[in-house]
Every structure is written in C-alpha cells, then in structure tokens.
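Everything below belongs to entry-v5.cif, which stores mmCIF, C-alpha atoms and all ligand atoms.
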```cif
data_entry
loop_
_atom_site.label_atom_id
_atom_site.label_comp_id
_atom_site.auth_asym_id
_atom_site.auth_seq_id
_atom_site.Cartn_x
_atom_site.Cartn_y
_atom_site.Cartn_z
CA MET A 1 -16.53 -4.43 5.38
CA THR A 2 -13.52 -6.20 6.85
CA GLN A 3 -14.22 -7.89 10.12
CA SER A 4 -11.35 -7.87 12.54
CA LEU A 5 -10.72 -8.65 16.15
CA THR A 6 -7.86 -7.59 18.42
CA LEU A 7 -7.06 -9.85 21.35
CA ARG A 8 -4.53 -9.83 24.11
CA ARG A 9 -1.79 -12.16 22.95
CA PRO A 10 -3.06 -15.69 23.70
CA ASP A 11 -1.43 -18.40 25.79
CA ASP A 12 -1.63 -22.16 25.42
CA TRP A 13 -2.19 -23.85 28.77
CA HIS A 14 -1.39 -27.38 27.52
CA LEU A 15 1.26 -27.92 24.88
CA HIS A 16 3.64 -30.69 23.78
CA LEU A 17 6.87 -29.38 22.28
CA ARG A 18 8.91 -32.62 22.49
CA ASP A 19 12.69 -32.28 22.18
CA GLY A 20 15.54 -32.18 19.65
CA ALA A 21 14.64 -31.89 15.97
CA MET A 22 10.89 -32.07 16.66
CA LEU A 23 11.11 -29.22 19.19
CA GLN A 24 13.06 -27.17 16.65
CA GLY A 25 10.40 -27.80 14.03
CA VAL A 26 7.23 -27.21 16.07
CA LEU A 27 8.24 -24.39 18.42
CA PRO A 28 7.86 -21.56 15.84
CA GLU A 29 4.33 -22.78 15.08
CA THR A 30 3.29 -21.91 18.64
CA ALA A 31 5.59 -18.93 19.25
CA ARG A 32 4.22 -17.16 16.15
CA HIS A 33 0.87 -16.51 17.87
CA PHE A 34 1.20 -17.41 21.54
CA GLY A 35 2.99 -15.55 24.31
CA ARG A 36 3.38 -18.43 26.75
CA ALA A 37 2.53 -22.09 27.08
CA ILE A 38 2.38 -24.69 29.80
CA ILE A 39 4.88 -27.25 28.54
CA MET A 40 4.00 -30.88 29.06
CA PRO A 41 6.73 -32.98 30.68
CA ASN A 42 6.07 -36.34 28.97
CA LEU A 43 9.44 -36.62 27.27
CA VAL A 44 11.39 -39.86 27.18
CA PRO A 45 12.64 -39.91 29.92
CA PRO A 46 10.10 -37.62 31.58
CA VAL A 47 10.85 -34.22 33.15
CA VAL A 48 10.63 -35.17 36.81
CA THR A 49 12.95 -32.89 38.79
CA GLY A 50 13.49 -29.17 38.98
CA ASP A 51 16.94 -29.59 37.43
CA GLN A 52 15.47 -31.48 34.48
CA ALA A 53 12.81 -28.77 34.02
CA ALA A 54 15.48 -26.04 34.02
CA ALA A 55 17.52 -27.93 31.41
CA TYR A 56 14.42 -28.50 29.24
CA ARG A 57 13.46 -24.81 29.52
CA ASP A 58 16.96 -23.90 28.34
CA ARG A 59 16.67 -26.26 25.36
CA ILE A 60 13.35 -24.68 24.41
CA LEU A 61 14.75 -21.16 24.65
CA ALA A 62 17.79 -22.21 22.60
CA ALA A 63 15.46 -23.57 19.88
CA LEU A 64 13.48 -20.32 19.69
CA PRO A 65 14.15 -18.49 16.42
CA GLU A 66 15.81 -15.07 16.66
CA GLY A 67 13.27 -12.30 17.12
CA MET A 68 10.45 -14.48 18.50
CA ALA A 69 9.30 -13.84 22.05
CA PHE A 70 7.88 -16.84 23.85
CA GLN A 71 7.93 -17.91 27.46
CA PRO A 72 7.76 -21.62 28.29
CA LEU A 73 5.99 -22.31 31.58
CA MET A 74 7.49 -25.50 32.90
CA THR A 75 5.83 -28.47 34.57
CA LEU A 76 7.05 -31.50 36.49
CA TYR A 77 5.91 -35.03 35.75
CA LEU A 78 4.55 -36.50 38.97
CA THR A 79 5.95 -39.91 39.90
CA GLU A 80 5.58 -42.00 43.01
CA THR A 81 9.11 -40.98 44.01
CA THR A 82 8.77 -37.22 43.41
CA ASP A 83 10.33 -35.29 46.29
CA PRO A 84 8.02 -32.64 47.82
CA ALA A 85 11.02 -30.44 48.69
CA ASP A 86 12.20 -30.41 45.07
CA VAL A 87 8.70 -29.45 43.90
CA ARG A 88 8.55 -26.65 46.46
CA ALA A 89 11.95 -25.25 45.47
CA ALA A 90 11.16 -25.42 41.73
CA ALA A 91 7.85 -23.63 42.27
CA GLU A 92 9.17 -21.01 44.64
CA SER A 93 11.95 -20.06 42.23
CA GLY A 94 9.30 -19.39 39.55
CA LEU A 95 10.71 -22.11 37.28
CA VAL A 96 7.79 -24.52 37.56
CA ARG A 97 4.13 -23.47 37.23
CA ALA A 98 2.34 -26.80 37.62
CA VAL A 99 2.79 -30.50 38.27
CA LYS A 100 1.35 -32.99 35.82
CA LEU A 101 -0.47 -36.13 36.87
CA TYR A 102 -0.62 -38.97 34.38
CA PRO A 103 -2.34 -42.08 35.64
CA ALA A 104 0.21 -44.78 34.70
CA GLY A 105 -0.47 -46.04 31.18
CA ALA A 106 -3.18 -43.50 30.32
CA THR A 107 -1.52 -41.85 27.33
CA THR A 108 1.71 -41.20 25.36
CA ASN A 109 4.80 -41.73 27.57
CA SER A 110 2.84 -42.16 30.80
CA HIS A 111 4.35 -45.40 32.09
CA SER A 112 6.21 -43.57 34.89
CA GLY A 113 2.91 -42.06 36.07
CA VAL A 114 1.04 -42.67 39.29
CA ARG A 115 -0.41 -46.04 40.26
CA ASP A 116 -0.87 -45.62 44.00
CA PHE A 117 -2.13 -42.19 45.00
CA ASP A 118 -1.11 -42.69 48.64
CA ARG A 119 2.48 -42.43 47.45
CA VAL A 120 2.04 -38.88 46.17
CA ARG A 121 0.16 -37.59 49.21
CA GLY A 122 3.12 -35.56 50.49
CA VAL A 123 3.64 -33.84 47.14
CA LEU A 124 -0.06 -33.01 46.82
CA GLU A 125 -0.13 -31.56 50.32
CA THR A 126 2.87 -29.37 49.56
CA MET A 127 1.20 -28.20 46.36
CA ALA A 128 -2.01 -27.33 48.20
CA GLU A 129 0.02 -25.35 50.71
CA ILE A 130 1.87 -23.29 48.11
CA GLY A 131 -1.01 -23.02 45.60
CA LEU A 132 0.79 -24.89 42.80
CA PRO A 133 -1.76 -26.32 40.32
CA LEU A 134 -1.99 -30.02 39.53
CA CYS A 135 -2.73 -30.62 35.83
CA VAL A 136 -4.55 -33.90 35.43
CA HIS A 137 -4.88 -36.26 32.49
CA GLY A 138 -8.29 -37.50 33.60
CA GLU A 139 -8.81 -41.02 32.36
CA VAL A 140 -8.83 -44.32 34.20
CA THR A 141 -6.72 -47.05 32.67
CA THR A 142 -8.72 -50.06 33.84
CA HIS A 143 -9.15 -52.59 31.04
CA GLU A 144 -12.78 -53.19 31.90
CA VAL A 145 -13.71 -49.54 31.38
CA ASP A 146 -14.69 -48.62 27.83
CA ILE A 147 -12.38 -46.02 26.28
CA PHE A 148 -15.32 -43.67 25.70
CA ASP A 149 -16.24 -43.81 29.42
CA ARG A 150 -12.78 -43.40 30.90
CA GLU A 151 -13.04 -39.68 31.61
CA ALA A 152 -16.42 -39.84 33.33
CA VAL A 153 -15.32 -42.81 35.45
CA PHE A 154 -12.08 -41.02 36.38
CA ILE A 155 -13.98 -38.01 37.68
CA ASP A 156 -16.12 -40.13 40.01
CA THR A 157 -13.58 -42.69 41.14
CA VAL A 158 -10.28 -40.77 41.18
CA LEU A 159 -10.57 -37.02 40.79
CA ASP A 160 -13.38 -36.30 43.19
CA PRO A 161 -11.94 -38.47 46.01
CA LEU A 162 -8.48 -36.97 45.40
CA ARG A 163 -9.79 -33.41 45.69
CA ARG A 164 -11.78 -34.24 48.82
CA ALA A 165 -8.68 -35.79 50.39
CA THR A 166 -6.55 -32.74 49.63
CA PRO A 167 -8.39 -29.57 50.61
CA GLY A 168 -6.99 -26.48 48.93
CA LEU A 169 -5.38 -28.40 46.05
CA ARG A 170 -5.74 -26.39 42.85
CA VAL A 171 -6.55 -28.62 39.89
CA VAL A 172 -6.75 -28.20 36.13
CA MET A 173 -8.74 -30.90 34.39
CA GLU A 174 -6.76 -31.14 31.18
CA HIS A 175 -8.40 -31.53 27.77
CA ILE A 176 -11.93 -32.32 28.94
CA THR A 177 -13.98 -34.15 26.33
CA THR A 178 -17.35 -34.91 27.91
CA GLU A 179 -20.47 -33.24 29.30
CA GLU A 180 -19.55 -34.90 32.62
CA GLY A 181 -16.21 -33.07 32.53
CA VAL A 182 -17.96 -29.78 31.80
CA ALA A 183 -20.44 -30.33 34.63
CA TYR A 184 -17.77 -31.24 37.17
CA ALA A 185 -15.56 -28.26 36.26
CA SER A 186 -18.46 -25.83 36.31
CA ASP A 187 -19.25 -26.29 39.97
CA GLY A 188 -15.82 -26.96 41.38
CA GLY A 189 -15.27 -23.49 42.81
CA PRO A 190 -12.23 -21.25 42.41
CA ASP A 191 -9.65 -24.04 42.84
CA LEU A 192 -10.84 -26.02 39.82
CA ALA A 193 -10.47 -25.21 36.13
CA ALA A 194 -10.52 -27.12 32.85
CA THR A 195 -8.68 -26.75 29.58
CA ILE A 196 -10.42 -27.45 26.30
CA THR A 197 -8.59 -28.25 23.08
CA THR A 198 -9.23 -26.77 19.66
CA HIS A 199 -9.87 -30.14 18.03
CA HIS A 200 -12.44 -31.33 20.59
CA LEU A 201 -14.54 -28.27 19.69
CA ILE A 202 -14.50 -29.39 16.05
CA ILE A 203 -14.50 -33.18 15.79
CA ASN A 204 -16.59 -35.96 17.27
CA ARG A 205 -15.92 -39.68 17.12
CA ASN A 206 -17.48 -40.00 13.66
CA HIS A 207 -14.63 -37.94 12.26
CA ILE A 208 -12.20 -40.66 13.38
CA LEU A 209 -14.14 -43.70 12.25
CA VAL A 210 -16.68 -43.02 9.48
CA GLY A 211 -15.59 -43.76 5.91
CA GLY A 212 -12.24 -45.23 6.92
CA ILE A 213 -10.01 -44.75 9.94
CA LYS A 214 -8.52 -41.25 10.16
CA PRO A 215 -5.39 -41.51 12.29
CA HIS A 216 -4.77 -37.76 12.38
CA TYR A 217 -8.01 -37.31 14.34
CA TYR A 218 -7.00 -39.91 16.93
CA CYS A 219 -5.96 -38.39 20.23
CA LEU A 220 -6.43 -39.02 23.92
CA PRO A 221 -8.85 -38.56 25.46
CA VAL A 222 -10.51 -39.82 22.28
CA ALA A 223 -13.19 -37.55 20.76
CA LYS A 224 -16.66 -38.54 21.97
CA ARG A 225 -20.25 -38.33 20.69
CA GLU A 226 -21.68 -35.16 19.18
CA LYS A 227 -23.56 -34.20 22.36
CA HIS A 228 -20.24 -33.98 24.18
CA ARG A 229 -18.71 -31.78 21.49
CA LEU A 230 -21.70 -29.47 21.83
CA ALA A 231 -21.27 -29.35 25.61
CA LEU A 232 -17.61 -28.40 25.15
CA ARG A 233 -18.56 -25.65 22.71
CA ALA A 234 -21.13 -24.28 25.13
CA ALA A 235 -18.55 -24.31 27.94
CA ALA A 236 -15.72 -22.72 25.95
CA THR A 237 -17.96 -19.93 24.64
CA SER A 238 -19.85 -19.41 27.92
CA GLY A 239 -17.44 -16.83 29.26
CA ALA A 240 -17.07 -18.82 32.50
CA ALA A 241 -13.63 -18.20 33.98
CA CYS A 242 -12.99 -21.87 34.74
CA TYR A 243 -12.56 -22.79 31.05
CA PHE A 244 -9.55 -21.83 28.98
CA LEU A 245 -7.55 -22.96 25.99
CA GLY A 246 -5.09 -25.80 26.23
CA THR A 247 -4.53 -26.93 22.66
CA ASP A 248 -2.87 -30.22 23.60
CA SER A 249 -1.11 -29.78 20.27
CA ALA A 250 0.77 -33.09 20.25
CA PRO A 251 3.06 -33.64 17.28
CA HIS A 252 3.97 -37.12 16.12
CA VAL A 253 5.67 -37.76 12.78
CA ASP A 254 3.33 -39.06 10.08
CA ALA A 255 5.06 -42.44 10.02
CA LEU A 256 3.96 -43.03 13.62
CA LYS A 257 0.41 -41.68 13.12
CA GLU A 258 -0.22 -43.63 9.91
CA HIS A 259 0.73 -46.91 11.48
CA ALA A 260 -0.85 -50.20 12.54
CA CYS A 261 -0.67 -48.89 16.12
CA GLY A 262 -0.93 -45.16 15.53
CA CYS A 263 0.13 -42.65 18.19
CA ALA A 264 -2.44 -40.45 19.90
CA GLY A 265 -2.26 -36.70 19.32
CA CYS A 266 -3.52 -33.94 17.03
CA PHE A 267 -1.12 -31.24 15.89
CA THR A 268 -3.05 -27.96 16.03
CA ALA A 269 -0.41 -25.35 16.88
CA THR A 270 -0.26 -23.98 13.33
CA ASN A 271 -3.92 -23.08 12.78
CA THR A 272 -5.46 -23.03 16.26
CA MET A 273 -6.33 -19.33 16.38
CA SER A 274 -8.03 -19.48 12.96
CA CYS A 275 -9.98 -22.57 14.02
CA LEU A 276 -11.07 -20.98 17.30
CA ALA A 277 -12.20 -17.74 15.67
CA HIS A 278 -14.30 -19.85 13.28
CA VAL A 279 -15.84 -21.82 16.16
CA PHE A 280 -16.54 -18.77 18.31
CA GLU A 281 -18.10 -16.95 15.35
CA GLU A 282 -20.34 -19.95 14.64
CA GLU A 283 -21.46 -19.83 18.27
CA GLY A 284 -22.08 -16.07 18.13
CA ALA A 285 -19.41 -15.58 20.78
CA LEU A 286 -16.50 -13.78 19.13
CA ASP A 287 -16.60 -11.33 22.04
CA ARG A 288 -15.72 -14.22 24.38
CA LEU A 289 -12.75 -15.54 22.45
CA GLU A 290 -10.29 -13.32 24.30
CA GLY A 291 -11.42 -14.58 27.69
CA PHE A 292 -10.92 -18.18 26.55
CA THR A 293 -7.54 -17.72 24.87
CA SER A 294 -5.94 -14.84 26.76
CA LEU A 295 -7.53 -13.95 30.12
CA ASN A 296 -9.04 -16.90 31.99
CA GLY A 297 -5.85 -18.97 31.91
CA PRO A 298 -3.56 -16.30 33.37
CA ALA A 299 -6.16 -15.54 36.04
CA PHE A 300 -6.21 -19.18 37.18
CA TYR A 301 -2.42 -19.47 37.07
CA ARG A 302 -2.12 -16.15 38.94
CA LEU A 303 -0.12 -14.50 36.18
CA PRO A 304 -0.84 -11.20 34.43
CA PRO A 305 -2.28 -11.42 30.90
CA ASN A 306 0.23 -10.81 28.12
CA GLU A 307 1.01 -7.18 27.33
CA GLY A 308 0.94 -7.52 23.54
CA THR A 309 -1.98 -8.18 21.20
CA ILE A 310 -2.71 -10.12 18.04
CA ARG A 311 -5.16 -9.14 15.33
CA LEU A 312 -7.47 -11.57 13.58
CA VAL A 313 -8.87 -10.52 10.23
CA LYS A 314 -11.65 -12.27 8.35
CA GLN A 315 -10.67 -12.55 4.72
CA ALA A 316 -12.67 -13.64 1.67
CA ALA A 317 -10.17 -16.25 0.51
CA PRO A 318 -9.42 -19.16 2.84
CA VAL A 319 -6.16 -18.89 4.78
CA ALA A 320 -3.54 -21.11 3.17
CA TYR A 321 -2.13 -23.28 5.92
CA PRO A 322 0.31 -26.05 5.04
CA GLU A 323 -1.03 -29.59 5.07
CA LYS A 324 2.16 -30.67 6.85
CA ILE A 325 5.09 -29.01 8.47
CA LEU A 326 8.49 -30.48 7.73
CA THR A 327 10.58 -31.02 10.85
CA GLY A 328 14.02 -32.54 11.16
CA ALA A 329 12.31 -35.55 12.74
CA GLY A 330 9.99 -36.01 9.75
CA PRO A 331 6.73 -34.52 8.41
CA VAL A 332 3.93 -33.68 10.86
CA THR A 333 0.38 -33.32 9.56
CA VAL A 334 -1.44 -30.16 10.61
CA PHE A 335 -4.96 -30.63 11.99
CA ASN A 336 -7.53 -30.38 9.20
CA PRO A 337 -10.74 -28.88 10.59
CA GLY A 338 -12.67 -30.08 7.53
CA PHE A 339 -13.84 -26.59 6.54
CA PRO A 340 -12.10 -23.55 5.06
CA LEU A 341 -10.64 -21.11 7.56
CA HIS A 342 -11.26 -17.44 6.81
CA TRP A 343 -9.89 -15.87 9.98
CA ALA A 344 -6.22 -15.04 9.51
CA VAL A 345 -3.80 -13.97 12.19
CA GLU A 346 -2.25 -10.74 10.94
CA SER A 347 1.52 -10.84 11.00
N1 LIG B 401 -3.27 -35.95 23.68
C1 LIG B 401 -2.69 -36.94 23.06
O1 LIG B 401 -3.37 -37.67 22.32
N2 LIG B 401 -1.37 -37.19 23.18
C2 LIG B 401 -0.44 -36.52 24.04
C3 LIG B 401 -0.53 -36.96 25.46
C4 LIG B 401 -1.73 -36.42 26.21
O2 LIG B 401 -1.90 -35.20 26.33
O3 LIG B 401 -2.51 -37.20 26.74
C5 LIG B 401 0.97 -36.78 23.52
O4 LIG B 401 1.93 -36.53 24.23
O5 LIG B 401 1.09 -37.21 22.36
ZN ZN B 402 -3.31 -35.98 28.26
ZN ZN B 403 -1.39 -33.45 26.13
#
```
Let me see the structure of the file written as structure tokens.
Amino acid sequence: MTQSLTLRRPDDWHLHLRDGAMLQGVLPETARHFGRAIIMPNLVPPVVTGDQAAAYRDRILAALPEGMAFQPLMTLYLTETTDPADVRAAAESGLVRAVKLYPAGATTNSHSGVRDFDRVRGVLETMAEIGLPLCVHGEVTTHEVDIFDREAVFIDTVLDPLRRATPGLRVVMEHITTEEGVAYASDGGPDLAATITTHHLIINRNHILVGGIKPHYYCLPVAKREKHRLALRAAATSGAACYFLGTDSAPHVDALKEHACGCAGCFTATNTMSCLAHVFEEEGALDRLEGFTSLNGPAFYRLPPNEGTIRLVKQAAPVAYPEKILTGAGPVTVFNPGFPLHWAVES
C-alpha cells in the first residue's frame, strides 16, 4: 500500500537566498516546494531600508524560473540607525513582513547589527504599535559565554528584558536549538513564536565533531546535545501553534565551508520536505506536519495559508537527491541527513 500525504503548500519562515549567481542557483530549490518564504536580509551590504528591500524583492522575482510561483516575504535588517518611519511605511505598503535583529557579531554578516538596544527603542515601539514581528537571532556574543550556552543566556539577559520593555512587541525566536528555547517559546503567549530548522531536528553536536570535523553540519546557533534535539522534536511535532518551520537554509559555496575558518550554515532547501516527513513519521506525528510547515506560520504572520497543495509519497527506493547543487557561484553541498529518505515530493 502506498502511503501518501497531501499538505497545504508549505512556507519557509526563515530562508537565506543571497544574491546574484547564488540566488539564481538556490531559488528554484525552495520555489519547487514552497509557496512563500521570509527572506533574510543579511546580504553584503545588508537590506536595511524599504527601498533596498523592494530592490532585493525585484531581484528575487527576476531570478525566478518561468512557470514557478513563489512569493518572497521581505525583511529589514535592524541597525542602530534604522528609521522608524521607513519601517512603518515599508510594513504598511505590504512590502516588509518582519524586521530582523542580529546582535552585532552573532552570525554571518551581522557586523551592522545591534549593540545598544536603547538605540532601537523607537523602531521597536513602532513595530509593537503596528504588529510587525521582530525576528531574532537569539545568541549573545560575549566572549566569556560558551558557544553552547549562548542561546540560553540570550533568553535570560536580552530577550526577556527586551520583551518586558516593549509590551505588545511580536517576536519570533529564530532557529531555536535548546530546551530552554522551547520552554521560553511555549509560555510566551500569542505574541511569541519560534521557528525550528530541519537540520536541528536531525543532528546533534556529535554529528559535527565525532570522527573528524564535518563542516557541512556547522551552523549557527551550533547544534547542541542530544537532549536538546529531542526537545526540539517534541516541540515541532507537538501541534502547538507557536512552533513552525524556518529552514534557515543558508548556502555557502563548498570552498568556504571546507576551509580553515568555515562559514556557518546548512543548505537544506533541496530535501527539507523529505527530511521533515521522515522525522514526523518517526515521531508518530505525520498528521501534525501540515500545521508545522503550512498553517502555524501563516497564522502567526496574519496571512492566509497557501491555496495550493503538495503531495508526499512514501516510496520503496530512496529519493535520489543530488549531493551538491551547482550554482554560478560554485558548488553547494546539500544537507545529508545521514539516512535514506523515502518520502518524495510528487511533482
Ligand atoms: N544559520 C547560519 O549558520 N548561517 C546564516 C546566518 C544565521 O541565520 O544565523 C547565514 O547567513 O549563513
Ligand atoms: Zn541566525
Ligand atoms: Zn538564518
């Protein structure tokens, strides 16, 4: 008997598309399965103003292959000089769906991020007033704090005080990786949500470090201990509306991943839906996959779910995904879950 599953077309609530030749190469990988995605603004230079977001949106749409339907949902990169009036205008026109907070230095291309939160008070207050979500890369950057503790420390010392100081601010904790992240998101009320990546449901820190260093499993926030992976799986498959998919698919060319100072990011756009069906089946929660990939995100972002559907079919032979995709910027290795994938997305 063939097992199959029809879902509302999914969305990706945290995606890096980059620009130029890389954008051209990776965009079809997402647009093949996903209806919309929240597009991260950490380009070089970053997407800071409404005008820059409109130009980036146009470049994405121009790179979209003929016949593919995909809607980029744009974000602005929050800096200490961001103008609240520009944010308001970009949101009210429907161009921008969220503002992204990178603590300065926390991750790839985050040096223009926020150091002094008092300087972004006006923007945050405007966002609370108009209901525009703040997407947060939740890690402290303090040297003294161990990299495996940076998310938990951020929640206590930055995120919680920030939310208390800005009543009504709607926040998405991006790519949570810890049981502390799960716990904080679960009782944050209707103005708090969390995205969970595909890879953090599959790998723990052993995958990166045991038997030789595996640069393609290195991302930020770095994968944690097994107990945290299990907490993320429980959250993603719980059916709770506050958790939804944000793949954080973050392409870097192989030359920069396989490097003495390798870039952070896992590229999961190509096989995410197959990986997630596998994970949800293992957890006995295939009936909750649609909520995670297609319903909870739109509900938080106050958008309707996609009209179309996709069909997943479980096949006897493993799905043949490429090991790498070849972009004009260079080869990009596709996330290897470490097990065969039998759920195929029907084309
Ligand atoms: N997740 C990553 O490891 N990398 C992201 C940045 C980010 O989302 O933090 C990137 O832009 O490469
Ligand atoms: Zn991040
Ligand atoms: Zn990211």
All residues having an atom within 9 Å of ligand LIG 401 (chain B) (all atoms listed in the file) as a PyMOL selection string = chain A and resi 14-18+40-43+102+106-110+137-138+174-175+218-222+248-252+263-266
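Of the residues listed (A:Leu64, A:Leu232, A:Val96, A:Ala223), A:Val96 shows the shortest atom-to-atom separation from Asp51 of chain A; distances use all atoms listed in the file.
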Of A:Phe148, A:Phe339, A:Phe292, A:Trp13, the one nearest to Tyr243 of chain A when counting all atoms listed in the file is A:Phe292
Within 7 Å of Phe70 of chain A, counting all atoms listed in the file, which residues show up once you throw out same-chain ones fewer than 2 positions away? Write them as a VMD selection string, please.
-> chain A and resid 31 35 to 36 68 72
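Distance annotation: of A:Thr81, A:Asn271, A:Thr198, A:Ser238, the residue with the minimal separation from Ala285 of chain A is A:Ser238; atom set is all atoms listed in the file.
Each of A:Ala193, A:Met173, A:Val153, A:Ala236 was compared to ligand ZN 402 (chain B) using all atoms listed in the file, and A:Met173 turns out to be the nearest.
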Which of A:Thr309, A:Ser274, A:Asn296, A:Thr141 sits closest to Leu341 of chain A [using all atoms listed in the file] | A:Ser274
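Between ligand ZN 403 (chain B) and the residues A:Val47, A:Val313, A:Leu192, A:Val136, the shortest atom-to-atom distance, using all atoms listed in the file, involves A:Val136.
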Ala344 of chain A: which residues within 10 Å, counting all atoms listed in the file, same-chain residues fewer than 2 positions away excluded, as number ranges by chain?
-> A: 4, 271, 273-275, 277, 311-315, 317-321, 341-342, 346-347
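When atom CA of Gly105 of chain A is paired with atom CA of Gly262 of chain A, their separation reads 15.7 Å.
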Neighbour list for Asp254 of chain A as a VMD selection string, cut-off 8 Å, all atoms listed in the file, skip fewer than 5 positions in-chain | chain A and resid 330 to 333
Using all atoms listed in the file, what residues lie at most 10 Å away from (-20.6, -35.6, 28.5) (file coordinates), given as a PDB file with C-alpha atoms, in the frame of the given file?
```
ATOM      1  CA  ASP A 149     -16.240 -43.810  29.420  1.00  0.00           C
ATOM      2  CA  GLU A 151     -13.040 -39.680  31.610  1.00  0.00           C
ATOM      3  CA  ALA A 152     -16.420 -39.840  33.330  1.00  0.00           C
ATOM      4  CA  ILE A 176     -11.930 -32.320  28.940  1.00  0.00           C
ATOM      5  CA  THR A 177     -13.980 -34.150  26.330  1.00  0.00           C
ATOM      6  CA  THR A 178     -17.350 -34.910  27.910  1.00  0.00           C
ATOM      7  CA  GLU A 179     -20.470 -33.240  29.300  1.00  0.00           C
ATOM      8  CA  GLU A 180     -19.550 -34.900  32.620  1.00  0.00           C
ATOM      9  CA  GLY A 181     -16.210 -33.070  32.530  1.00  0.00           C
ATOM     10  CA  VAL A 182     -17.960 -29.780  31.800  1.00  0.00           C
ATOM     11  CA  ALA A 183     -20.440 -30.330  34.630  1.00  0.00           C
ATOM     12  CA  LYS A 224     -16.660 -38.540  21.970  1.00  0.00           C
ATOM     13  CA  ARG A 225     -20.250 -38.330  20.690  1.00  0.00           C
ATOM     14  CA  GLU A 226     -21.680 -35.160  19.180  1.00  0.00           C
ATOM     15  CA  LYS A 227     -23.560 -34.200  22.360  1.00  0.00           C
ATOM     16  CA  HIS A 228     -20.240 -33.980  24.180  1.00  0.00           C
ATOM     17  CA  ARG A 229     -18.710 -31.780  21.490  1.00  0.00           C
ATOM     18  CA  LEU A 230     -21.700 -29.470  21.830  1.00  0.00           C
ATOM     19  CA  ALA A 231     -21.270 -29.350  25.610  1.00  0.00           C
ATOM     20  CA  LEU A 232     -17.610 -28.400  25.150  1.00  0.00           C
TER      21      LEU A 232
END
```
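The space separating atom CA of Gln24 of chain A from atom CA of Gly50 of chain A comes to 22.4 Å.
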